[in-house]
$ cat my_file19.pdb   # PDB, C-alpha atoms and all ligand atoms
ATOM      1  CA  MET A   1      90.101  12.419  76.133  1.00  0.00           C
ATOM      2  CA  GLU A   2      92.501  13.639  78.779  1.00  0.00           C
ATOM      3  CA  GLU A   3      95.521  15.611  77.776  1.00  0.00           C
ATOM      4  CA  GLY A   4      98.815  13.834  77.478  1.00  0.00           C
ATOM      5  CA  THR A   5      97.269  10.465  76.740  1.00  0.00           C
ATOM      6  CA  LEU A   6      98.937   9.973  73.372  1.00  0.00           C
ATOM      7  CA  SER A   7     102.368   8.451  73.061  1.00  0.00           C
ATOM      8  CA  SER A   8     104.536   9.821  70.272  1.00  0.00           C
ATOM      9  CA  GLU A   9     104.162   6.456  68.566  1.00  0.00           C
ATOM     10  CA  GLN A  10     100.355   6.751  68.661  1.00  0.00           C
ATOM     11  CA  ALA A  11     100.584  10.318  67.375  1.00  0.00           C
ATOM     12  CA  ASP A  12     102.720   9.070  64.477  1.00  0.00           C
ATOM     13  CA  GLN A  13     100.181   6.361  63.701  1.00  0.00           C
ATOM     14  CA  ILE A  14      97.402   8.934  63.609  1.00  0.00           C
ATOM     15  CA  LYS A  15      99.500  11.146  61.346  1.00  0.00           C
ATOM     16  CA  GLN A  16     100.119   8.180  59.043  1.00  0.00           C
ATOM     17  CA  HIS A  17      96.400   7.532  58.973  1.00  0.00           C
ATOM     18  CA  LEU A  18      95.645  11.171  58.162  1.00  0.00           C
ATOM     19  CA  LEU A  19      98.133  10.997  55.297  1.00  0.00           C
ATOM     20  CA  THR A  20      96.168   8.123  53.783  1.00  0.00           C
ATOM     21  CA  GLN A  21      93.173  10.484  53.598  1.00  0.00           C
ATOM     22  CA  LEU A  22      94.981  13.047  51.417  1.00  0.00           C
ATOM     23  CA  ASN A  23      93.149  11.787  48.323  1.00  0.00           C
ATOM     24  CA  SER A  24      89.926  13.245  49.627  1.00  0.00           C
ATOM     25  CA  PHE A  25      91.347  16.775  49.318  1.00  0.00           C
ATOM     26  CA  PRO A  26      91.693  18.768  46.087  1.00  0.00           C
ATOM     27  CA  GLU A  27      94.954  17.897  44.366  1.00  0.00           C
ATOM     28  CA  ASP A  28      96.420  21.389  44.583  1.00  0.00           C
ATOM     29  CA  LYS A  29      95.901  21.428  48.375  1.00  0.00           C
ATOM     30  CA  GLN A  30      97.337  17.967  49.049  1.00  0.00           C
ATOM     31  CA  GLU A  31     101.018  18.938  49.322  1.00  0.00           C
ATOM     32  CA  GLN A  32     100.246  21.804  51.705  1.00  0.00           C
ATOM     33  CA  ILE A  33      98.064  19.609  53.932  1.00  0.00           C
ATOM     34  CA  LYS A  34     100.687  16.872  53.864  1.00  0.00           C
ATOM     35  CA  GLN A  35     103.322  19.301  55.166  1.00  0.00           C
ATOM     36  CA  GLN A  36     100.927  20.519  57.855  1.00  0.00           C
ATOM     37  CA  ILE A  37     100.243  16.965  59.020  1.00  0.00           C
ATOM     38  CA  LEU A  38     103.940  16.071  59.059  1.00  0.00           C
ATOM     39  CA  SER A  39     104.810  19.117  61.143  1.00  0.00           C
ATOM     40  CA  MET A  40     102.187  18.361  63.833  1.00  0.00           C
ATOM     41  CA  THR A  41     103.565  17.801  67.340  1.00  0.00           C
ATOM     42  CA  VAL A  42     102.077  15.215  69.714  1.00  0.00           C
ATOM     43  CA  GLU A  43     100.091  18.031  71.352  1.00  0.00           C
ATOM     44  CA  ASP A  44      98.841  19.219  67.950  1.00  0.00           C
ATOM     45  CA  VAL A  45      97.646  15.699  67.155  1.00  0.00           C
ATOM     46  CA  GLU A  46      95.881  15.445  70.514  1.00  0.00           C
ATOM     47  CA  GLU A  47      94.197  18.780  69.932  1.00  0.00           C
ATOM     48  CA  PHE A  48      93.195  17.761  66.422  1.00  0.00           C
ATOM     49  CA  VAL A  49      91.725  14.440  67.570  1.00  0.00           C
ATOM     50  CA  LYS A  50      89.829  16.216  70.348  1.00  0.00           C
ATOM     51  CA  GLU A  51      88.421  18.949  68.117  1.00  0.00           C
ATOM     52  CA  ASN A  52      87.334  16.580  65.388  1.00  0.00           C
ATOM     53  CA  GLN A  53      86.021  13.881  67.715  1.00  0.00           C
ATOM     54  CA  LEU A  54      88.265  11.370  66.047  1.00  0.00           C
ATOM     55  CA  ASP A  55      88.791   9.234  69.114  1.00  0.00           C
ATOM     56  CA  HIS A  56      88.437   6.124  66.982  1.00  0.00           C
ATOM     57  CA  LEU A  57      91.700   7.054  65.221  1.00  0.00           C
ATOM     58  CA  GLN A  58      93.526   6.239  68.395  1.00  0.00           C
ATOM     59  CA  GLN A  59      92.407   2.682  67.970  1.00  0.00           C
ATOM     60  CA  CYS A  60      93.859   0.615  65.194  1.00  0.00           C
ATOM     61  CA  VAL A  61      91.837   1.314  62.062  1.00  0.00           C
ATOM     62  CA  PHE A  62      91.887  -2.354  61.035  1.00  0.00           C
ATOM     63  CA  CYS A  63      90.635  -3.518  64.435  1.00  0.00           C
ATOM     64  CA  SER A  64      87.830  -0.962  64.059  1.00  0.00           C
ATOM     65  CA  ILE A  65      86.933  -2.311  60.603  1.00  0.00           C
ATOM     66  CA  ALA A  66      87.067  -5.922  61.811  1.00  0.00           C
ATOM     67  CA  GLU A  67      84.808  -5.031  64.754  1.00  0.00           C
ATOM     68  CA  GLY A  68      82.384  -3.239  62.454  1.00  0.00           C
ATOM     69  CA  LYS A  69      82.998   0.127  64.153  1.00  0.00           C
ATOM     70  CA  LEU A  70      84.081   1.581  60.828  1.00  0.00           C
ATOM     71  CA  PRO A  71      82.001   0.904  57.722  1.00  0.00           C
ATOM     72  CA  SER A  72      83.548  -1.320  55.061  1.00  0.00           C
ATOM     73  CA  TYR A  73      82.625  -3.270  51.944  1.00  0.00           C
ATOM     74  CA  LYS A  74      83.041  -6.856  53.053  1.00  0.00           C
ATOM     75  CA  ILE A  75      83.234  -9.464  50.301  1.00  0.00           C
ATOM     76  CA  ASP A  76      84.134 -12.589  52.289  1.00  0.00           C
ATOM     77  CA  GLU A  77      85.330 -13.841  55.642  1.00  0.00           C
ATOM     78  CA  ASN A  78      86.458 -16.923  57.508  1.00  0.00           C
ATOM     79  CA  ALA A  79      86.672 -17.599  61.236  1.00  0.00           C
ATOM     80  CA  GLU A  80      89.732 -15.417  61.779  1.00  0.00           C
ATOM     81  CA  ASN A  81      89.777 -12.864  58.954  1.00  0.00           C
ATOM     82  CA  ILE A  82      87.614 -10.589  56.853  1.00  0.00           C
ATOM     83  CA  ALA A  83      88.100  -9.531  53.232  1.00  0.00           C
ATOM     84  CA  VAL A  84      87.100  -5.948  52.432  1.00  0.00           C
ATOM     85  CA  LEU A  85      87.400  -3.755  49.362  1.00  0.00           C
ATOM     86  CA  GLU A  86      90.121  -1.087  49.588  1.00  0.00           C
ATOM     87  CA  ILE A  87      88.310   2.265  49.522  1.00  0.00           C
ATOM     88  CA  ASN A  88      91.275   3.920  47.779  1.00  0.00           C
ATOM     89  CA  PRO A  89      91.974   1.174  45.230  1.00  0.00           C
ATOM     90  CA  LEU A  90      94.966   1.038  42.936  1.00  0.00           C
ATOM     91  CA  THR A  91      93.013  -1.171  40.497  1.00  0.00           C
ATOM     92  CA  LYS A  92      89.479  -2.545  40.297  1.00  0.00           C
ATOM     93  CA  GLY A  93      88.974  -5.247  42.933  1.00  0.00           C
ATOM     94  CA  HIS A  94      91.862  -4.144  45.192  1.00  0.00           C
ATOM     95  CA  THR A  95      91.101  -6.056  48.404  1.00  0.00           C
ATOM     96  CA  LEU A  96      92.469  -6.244  51.937  1.00  0.00           C
ATOM     97  CA  ILE A  97      92.491  -9.404  54.054  1.00  0.00           C
ATOM     98  CA  ILE A  98      92.287  -8.232  57.654  1.00  0.00           C
ATOM     99  CA  PRO A  99      92.818 -10.627  60.576  1.00  0.00           C
ATOM    100  CA  LYS A 100      90.156 -10.059  63.247  1.00  0.00           C
ATOM    101  CA  GLU A 101      92.895 -10.206  65.907  1.00  0.00           C
ATOM    102  CA  HIS A 102      95.353  -7.308  66.094  1.00  0.00           C
ATOM    103  CA  ALA A 103      98.213  -9.759  66.572  1.00  0.00           C
ATOM    104  CA  PRO A 104      97.219 -13.127  65.108  1.00  0.00           C
ATOM    105  CA  LYS A 105      99.452 -16.078  65.990  1.00  0.00           C
ATOM    106  CA  ASN A 106     100.065 -16.991  62.357  1.00  0.00           C
ATOM    107  CA  ALA A 107      99.003 -16.014  58.866  1.00  0.00           C
ATOM    108  CA  THR A 108      97.751 -19.405  57.687  1.00  0.00           C
ATOM    109  CA  SER A 109      94.033 -18.658  57.697  1.00  0.00           C
ATOM    110  CA  ALA A 110      94.597 -15.164  56.252  1.00  0.00           C
ATOM    111  CA  LYS A 111      96.511 -16.745  53.354  1.00  0.00           C
ATOM    112  CA  GLU A 112      93.699 -19.253  52.853  1.00  0.00           C
ATOM    113  CA  LEU A 113      91.146 -16.458  52.605  1.00  0.00           C
ATOM    114  CA  ALA A 114      93.453 -14.482  50.286  1.00  0.00           C
ATOM    115  CA  LYS A 115      93.624 -17.488  47.965  1.00  0.00           C
ATOM    116  CA  LYS A 116      89.862 -17.965  48.004  1.00  0.00           C
ATOM    117  CA  VAL A 117      89.170 -14.277  47.362  1.00  0.00           C
ATOM    118  CA  SER A 118      91.764 -14.129  44.561  1.00  0.00           C
ATOM    119  CA  GLU A 119      90.015 -17.003  42.794  1.00  0.00           C
ATOM    120  CA  ARG A 120      86.738 -15.156  43.101  1.00  0.00           C
ATOM    121  CA  ILE A 121      88.241 -11.913  41.720  1.00  0.00           C
ATOM    122  CA  LYS A 122      89.906 -13.897  38.937  1.00  0.00           C
ATOM    123  CA  PHE A 123      86.573 -15.392  37.910  1.00  0.00           C
ATOM    124  CA  PHE A 124      84.497 -12.208  38.028  1.00  0.00           C
ATOM    125  CA  LEU A 125      86.979  -9.476  37.046  1.00  0.00           C
ATOM    126  CA  LYS A 126      89.390 -11.480  34.849  1.00  0.00           C
ATOM    127  CA  PRO A 127      92.687  -9.796  35.780  1.00  0.00           C
ATOM    128  CA  LYS A 128      95.837 -11.078  34.047  1.00  0.00           C
ATOM    129  CA  THR A 129      97.644 -11.597  37.327  1.00  0.00           C
ATOM    130  CA  PHE A 130      97.784 -10.418  40.948  1.00  0.00           C
ATOM    131  CA  LYS A 131     100.216  -8.546  43.114  1.00  0.00           C
ATOM    132  CA  ILE A 132      99.937  -9.817  46.682  1.00  0.00           C
ATOM    133  CA  ASN A 133     101.617  -7.849  49.479  1.00  0.00           C
ATOM    134  CA  SER A 134     101.917  -8.707  53.148  1.00  0.00           C
ATOM    135  CA  LEU A 135     101.868  -5.436  55.061  1.00  0.00           C
ATOM    136  CA  LYS A 136     101.900  -4.347  58.660  1.00  0.00           C
ATOM    137  CA  ILE A 137     100.007  -1.110  59.162  1.00  0.00           C
ATOM    138  CA  MET A 138      99.689   0.339  62.652  1.00  0.00           C
ATOM    139  CA  ASP A 139     101.184  -3.014  63.741  1.00  0.00           C
ATOM    140  CA  HIS A 140      98.195  -4.875  62.320  1.00  0.00           C
ATOM    141  CA  PRO A 141      99.151  -7.442  59.651  1.00  0.00           C
ATOM    142  CA  VAL A 142      97.160  -7.088  56.420  1.00  0.00           C
ATOM    143  CA  ILE A 143      97.343  -8.949  53.112  1.00  0.00           C
ATOM    144  CA  GLU A 144      96.754  -6.729  50.106  1.00  0.00           C
ATOM    145  CA  ILE A 145      95.452  -8.283  46.877  1.00  0.00           C
ATOM    146  CA  ILE A 146      95.882  -6.086  43.817  1.00  0.00           C
ATOM    147  CA  PRO A 147      94.451  -7.434  40.555  1.00  0.00           C
ATOM    148  CA  VAL A 148      96.702  -6.519  37.612  1.00  0.00           C
ATOM    149  CA  TYR A 149      95.062  -6.074  34.222  1.00  0.00           C
ATOM    150  CA  GLY A 150      98.246  -5.310  32.278  1.00  0.00           C
ATOM    151  CA  GLU A 151      98.974  -1.835  33.619  1.00  0.00           C
ATOM    152  CA  ASP A 152     102.226  -0.771  35.293  1.00  0.00           C
ATOM    153  CA  LEU A 153     101.303  -0.592  38.982  1.00  0.00           C
ATOM    154  CA  SER A 154     104.239   1.658  39.820  1.00  0.00           C
ATOM    155  CA  LYS A 155     102.702   4.352  37.620  1.00  0.00           C
ATOM    156  CA  LEU A 156      99.291   4.185  39.283  1.00  0.00           C
ATOM    157  CA  GLN A 157      98.024   6.177  42.231  1.00  0.00           C
ATOM    158  CA  LYS A 158      95.453   5.107  44.746  1.00  0.00           C
ATOM    159  CA  VAL A 159      92.183   6.856  43.919  1.00  0.00           C
ATOM    160  CA  LYS A 160      89.200   7.121  46.211  1.00  0.00           C
ATOM    161  CA  ALA A 161      86.358   4.982  44.829  1.00  0.00           C
ATOM    162  CA  SER A 162      82.771   6.211  45.015  1.00  0.00           C
ATOM    163  CA  GLU A 163      80.296   4.454  47.304  1.00  0.00           C
ATOM    164  CA  GLU A 164      78.364   3.398  44.221  1.00  0.00           C
ATOM    165  CA  GLU A 165      81.425   1.809  42.596  1.00  0.00           C
ATOM    166  CA  LEU A 166      82.299  -0.036  45.783  1.00  0.00           C
ATOM    167  CA  SER A 167      78.824  -1.330  46.455  1.00  0.00           C
ATOM    168  CA  ASN A 168      78.393  -2.464  42.823  1.00  0.00           C
ATOM    169  CA  LEU A 169      81.709  -4.264  42.996  1.00  0.00           C
ATOM    170  CA  GLN A 170      80.745  -5.808  46.327  1.00  0.00           C
ATOM    171  CA  SER A 171      77.487  -7.192  44.849  1.00  0.00           C
ATOM    172  CA  GLU A 172      79.403  -8.579  41.892  1.00  0.00           C
ATOM    173  CA  LEU A 173      82.061 -10.290  43.980  1.00  0.00           C
ATOM    174  CA  ILE A 174      79.736 -11.953  46.482  1.00  0.00           C
ATOM    175  CA  LYS A 175      77.773 -13.788  43.785  1.00  0.00           C
ATOM    176  CA  PRO A 176      78.041 -17.581  44.069  1.00  0.00           C
ATOM    177  CA  LEU A 177      80.672 -19.166  41.864  1.00  0.00           C
ATOM    178  CA  PRO A 178      79.323 -21.711  39.390  1.00  0.00           C
ATOM    179  CA  ILE A 179      80.601 -25.289  39.786  1.00  0.00           C
ATOM    180  CA  PRO A 180      83.447 -25.675  37.272  1.00  0.00           C
ATOM    181  CA  GLU A 181      82.650 -28.093  34.392  1.00  0.00           C
ATOM    182  CA  GLU A 182      85.572 -30.392  35.243  1.00  0.00           C
ATOM    183  CA  LYS A 183      84.245 -30.847  38.771  1.00  0.00           C
ATOM    184  CA  LYS A 184      80.785 -31.690  37.457  1.00  0.00           C
ATOM    185  CA  GLU A 185      82.301 -34.409  35.248  1.00  0.00           C
ATOM    186  CA  HIS A 186      83.976 -35.930  38.256  1.00  0.00           C
ATOM    187  CA  LEU A 187      80.636 -36.527  39.896  1.00  0.00           C
ATOM    188  CA  THR A 188      79.402 -40.023  39.129  1.00  0.00           C
ATOM    189  CA  SER A 189      76.061 -40.290  37.386  1.00  0.00           C
ATOM    190  CA  LYS A 190      74.671 -41.651  40.667  1.00  0.00           C
ATOM    191  CA  GLU A 191      75.769 -38.505  42.554  1.00  0.00           C
ATOM    192  CA  GLN A 192      74.305 -36.271  39.868  1.00  0.00           C
ATOM    193  CA  LYS A 193      71.038 -38.195  40.054  1.00  0.00           C
ATOM    194  CA  LYS A 194      71.031 -37.835  43.829  1.00  0.00           C
ATOM    195  CA  GLU A 195      71.307 -34.045  43.560  1.00  0.00           C
ATOM    196  CA  VAL A 196      68.301 -33.911  41.290  1.00  0.00           C
ATOM    197  CA  GLU A 197      66.297 -36.241  43.478  1.00  0.00           C
ATOM    198  CA  VAL A 198      66.881 -34.162  46.570  1.00  0.00           C
ATOM    199  CA  GLU A 199      65.637 -31.063  44.799  1.00  0.00           C
ATOM    200  CA  LYS A 200      62.494 -32.764  43.604  1.00  0.00           C
ATOM    201  CA  LEU A 201      61.498 -34.286  46.951  1.00  0.00           C
ATOM    202  CA  PRO A 202      58.185 -32.923  48.204  1.00  0.00           C
ATOM    203  CA  PRO A 203      58.151 -31.632  51.774  1.00  0.00           C
ATOM    204  CA  SER A 204      57.956 -34.570  54.107  1.00  0.00           C
ATOM    205  CA  ASN A 205      54.654 -35.088  55.901  1.00  0.00           C
ATOM    206  CA  GLU A 206      56.543 -36.187  58.943  1.00  0.00           C
ATOM    207  CA  ILE A 207      58.182 -32.786  59.286  1.00  0.00           C
ATOM    208  CA  VAL A 208      54.866 -31.004  58.841  1.00  0.00           C
ATOM    209  CA  GLU A 209      53.275 -33.158  61.559  1.00  0.00           C
ATOM    210  CA  LYS A 210      56.143 -32.482  63.936  1.00  0.00           C
ATOM    211  CA  LYS A 211      55.755 -28.766  63.386  1.00  0.00           C
ATOM    212  CA  ILE A 212      52.061 -28.952  64.209  1.00  0.00           C
ATOM    213  CA  ASP A 213      52.862 -30.854  67.411  1.00  0.00           C
ATOM    214  CA  SER A 214      55.305 -28.208  68.494  1.00  0.00           C
ATOM    215  CA  ILE A 215      52.753 -25.388  68.339  1.00  0.00           C
ATOM    216  CA  PRO A 216      51.851 -24.656  71.961  1.00  0.00           C
ATOM    217  CA  LYS A 217      48.279 -25.537  72.908  1.00  0.00           C
ATOM    218  CA  PHE A 218      46.076 -22.722  74.152  1.00  0.00           C
ATOM    219  CA  THR A 219      45.577 -22.656  77.860  1.00  0.00           C
ATOM    220  CA  ARG A 220      42.028 -22.254  78.936  1.00  0.00           C
ATOM    221  CA  ILE A 221      41.278 -19.052  80.809  1.00  0.00           C
ATOM    222  CA  PRO A 222      39.247 -19.913  83.914  1.00  0.00           C
TER
HETATM  223 ZN    ZN B   1      94.491  -3.780  64.905  1.00  0.00          ZN
END

$ encode --input "my_file19.pdb" --output "structure tokens" --more "lines below"
Ligand SMILES: [Zn+2]
Amino acid sequence: MEEGTLSSEQADQIKQHLLTQLNSFPEDKQEQIKQQILSMTVEDVEEFVKENQLDHLQQCVFCSIAEGKLPSYKIDENAENIAVLEINPLTKGHTLIIPKEHAPKNATSAKELAKKVSERIKFFLKPKTFKINSLKIMDHPVIEIIPVYGEDLSKLQKVKASEEELSNLQSELIKPLPIPEEKKEHLTSKEQKKEVEVEKLPPSNEIVEKKIDSIPKFTRIP
């Protein structure tokens, strides 16, 4: 990176990002490090980024996650958004809905995914309620879904989750949802029968024959 390439706004964004990493330091060092970060000048930030090869911090962290440049625990996605587990969760199942575009035209599809993911969390983790926040971090809009199990959120602190916790939670939350009983009842007996029939059908001979036809014939070597 060339010197003088950071605007003061970018430097502030990087500082904000560094502050979100305070949890990874011992508690008694956090205040000191926080003060150090806050007192960094633009040049200090540039130097820091250069020394630590943190060039990706200059990019928006959410764009990097959406592009797969930063690792994340994805639990769902739709065409325009991804849902990932917050790595410093406030409660179990704390999830972020991140639009793939830095500046999406509207939030409709993000809200749709938030609703879908909340239902999934509700089924598997059984929270009492949710706190849903629309945030803008580094100018990137993000919807935060915080499951509430009865605790007072204002008294909680974000705590870094272990990789094991996150990957276990990810496996739990991506399991298929069972069809609710009421929906099953709505199916007519004919539709239910159809489902069973389809499952029991033996592989069609026609398909097998077609596959055989499509295997290229050997060419004879002269
Ligand atoms: Zn972004």

$ residues_around --input "my_file19.pdb" --residues "Leu125 in chain A" --least-positions-apart "5" --cutoff "9 Å" --atoms "all atoms listed in the file" --output "ChimeraX atom specification"
/A:92-93,120,147,173

$ write_last_selection --input "my_file19.pdb" --atoms "C-alpha atoms" --output "PDB file, in the coordinates of the input"
ATOM      1  CA  LYS A  92      89.479  -2.545  40.297  1.00  0.00           C
ATOM      2  CA  GLY A  93      88.974  -5.247  42.933  1.00  0.00           C
ATOM      3  CA  ARG A 120      86.738 -15.156  43.101  1.00  0.00           C
ATOM      4  CA  PRO A 147      94.451  -7.434  40.555  1.00  0.00           C
ATOM      5  CA  LEU A 173      82.061 -10.290  43.980  1.00  0.00           C
TER       6      LEU A 173
END

$ residues_near_ligand --input "my_file19.pdb" --ligand "ligand ZN 1 (chain B)" --cutoff "12 Å" --atoms "all atoms listed in the file" --output "PDB file with C-alpha atoms, keeping the file's coordinate frame"
ATOM      1  CA  GLN A  13     100.181   6.361  63.701  1.00  0.00           C
ATOM      2  CA  HIS A  56      88.437   6.124  66.982  1.00  0.00           C
ATOM      3  CA  LEU A  57      91.700   7.054  65.221  1.00  0.00           C
ATOM      4  CA  GLN A  58      93.526   6.239  68.395  1.00  0.00           C
ATOM      5  CA  GLN A  59      92.407   2.682  67.970  1.00  0.00           C
ATOM      6  CA  CYS A  60      93.859   0.615  65.194  1.00  0.00           C
ATOM      7  CA  VAL A  61      91.837   1.314  62.062  1.00  0.00           C
ATOM      8  CA  PHE A  62      91.887  -2.354  61.035  1.00  0.00           C
ATOM      9  CA  CYS A  63      90.635  -3.518  64.435  1.00  0.00           C
ATOM     10  CA  SER A  64      87.830  -0.962  64.059  1.00  0.00           C
ATOM     11  CA  ILE A  65      86.933  -2.311  60.603  1.00  0.00           C
ATOM     12  CA  ALA A  66      87.067  -5.922  61.811  1.00  0.00           C
ATOM     13  CA  GLU A  67      84.808  -5.031  64.754  1.00  0.00           C
ATOM     14  CA  ASN A  81      89.777 -12.864  58.954  1.00  0.00           C
ATOM     15  CA  ILE A  98      92.287  -8.232  57.654  1.00  0.00           C
ATOM     16  CA  PRO A  99      92.818 -10.627  60.576  1.00  0.00           C
ATOM     17  CA  LYS A 100      90.156 -10.059  63.247  1.00  0.00           C
ATOM     18  CA  GLU A 101      92.895 -10.206  65.907  1.00  0.00           C
ATOM     19  CA  HIS A 102      95.353  -7.308  66.094  1.00  0.00           C
ATOM     20  CA  ALA A 103      98.213  -9.759  66.572  1.00  0.00           C
ATOM     21  CA  PRO A 104      97.219 -13.127  65.108  1.00  0.00           C
ATOM     22  CA  LYS A 136     101.900  -4.347  58.660  1.00  0.00           C
ATOM     23  CA  ILE A 137     100.007  -1.110  59.162  1.00  0.00           C
ATOM     24  CA  MET A 138      99.689   0.339  62.652  1.00  0.00           C
ATOM     25  CA  ASP A 139     101.184  -3.014  63.741  1.00  0.00           C
ATOM     26  CA  HIS A 140      98.195  -4.875  62.320  1.00  0.00           C
ATOM     27  CA  PRO A 141      99.151  -7.442  59.651  1.00  0.00           C
ATOM     28  CA  VAL A 142      97.160  -7.088  56.420  1.00  0.00           C
TER      29      VAL A 142
END

$ residues_around --input "my_file19.pdb" --residues "Lys160 in chain A" --least-positions-apart "3" --cutoff "12 Å" --atoms "only C-alpha atoms" --output "NGL selection string"
:A and (20-26 or 85-92 or 94 or 157 or 163-166)

$ residues_around --input "my_file19.pdb" --residues "Val117 in chain A" --least-positions-apart "2" --cutoff "10 Å" --atoms "all atoms listed in the file" --output "ChimeraX atom specification"
/A:75-77,83-84,95-97,111-115,119-123,145,173-174

$ closest_residue --input "my_file19.pdb" --among "A:Leu169, A:Val42, A:Leu135, A:Ala107" --to "Ser8 in chain A" --atoms "all atoms listed in the file"
A:Val42

$ closest_residue --input "my_file19.pdb" --among "A:Asp152, A:Lys15, A:Phe48, A:Leu54" --to "Gln35 in chain A" --atoms "only C-alpha atoms"
A:Lys15
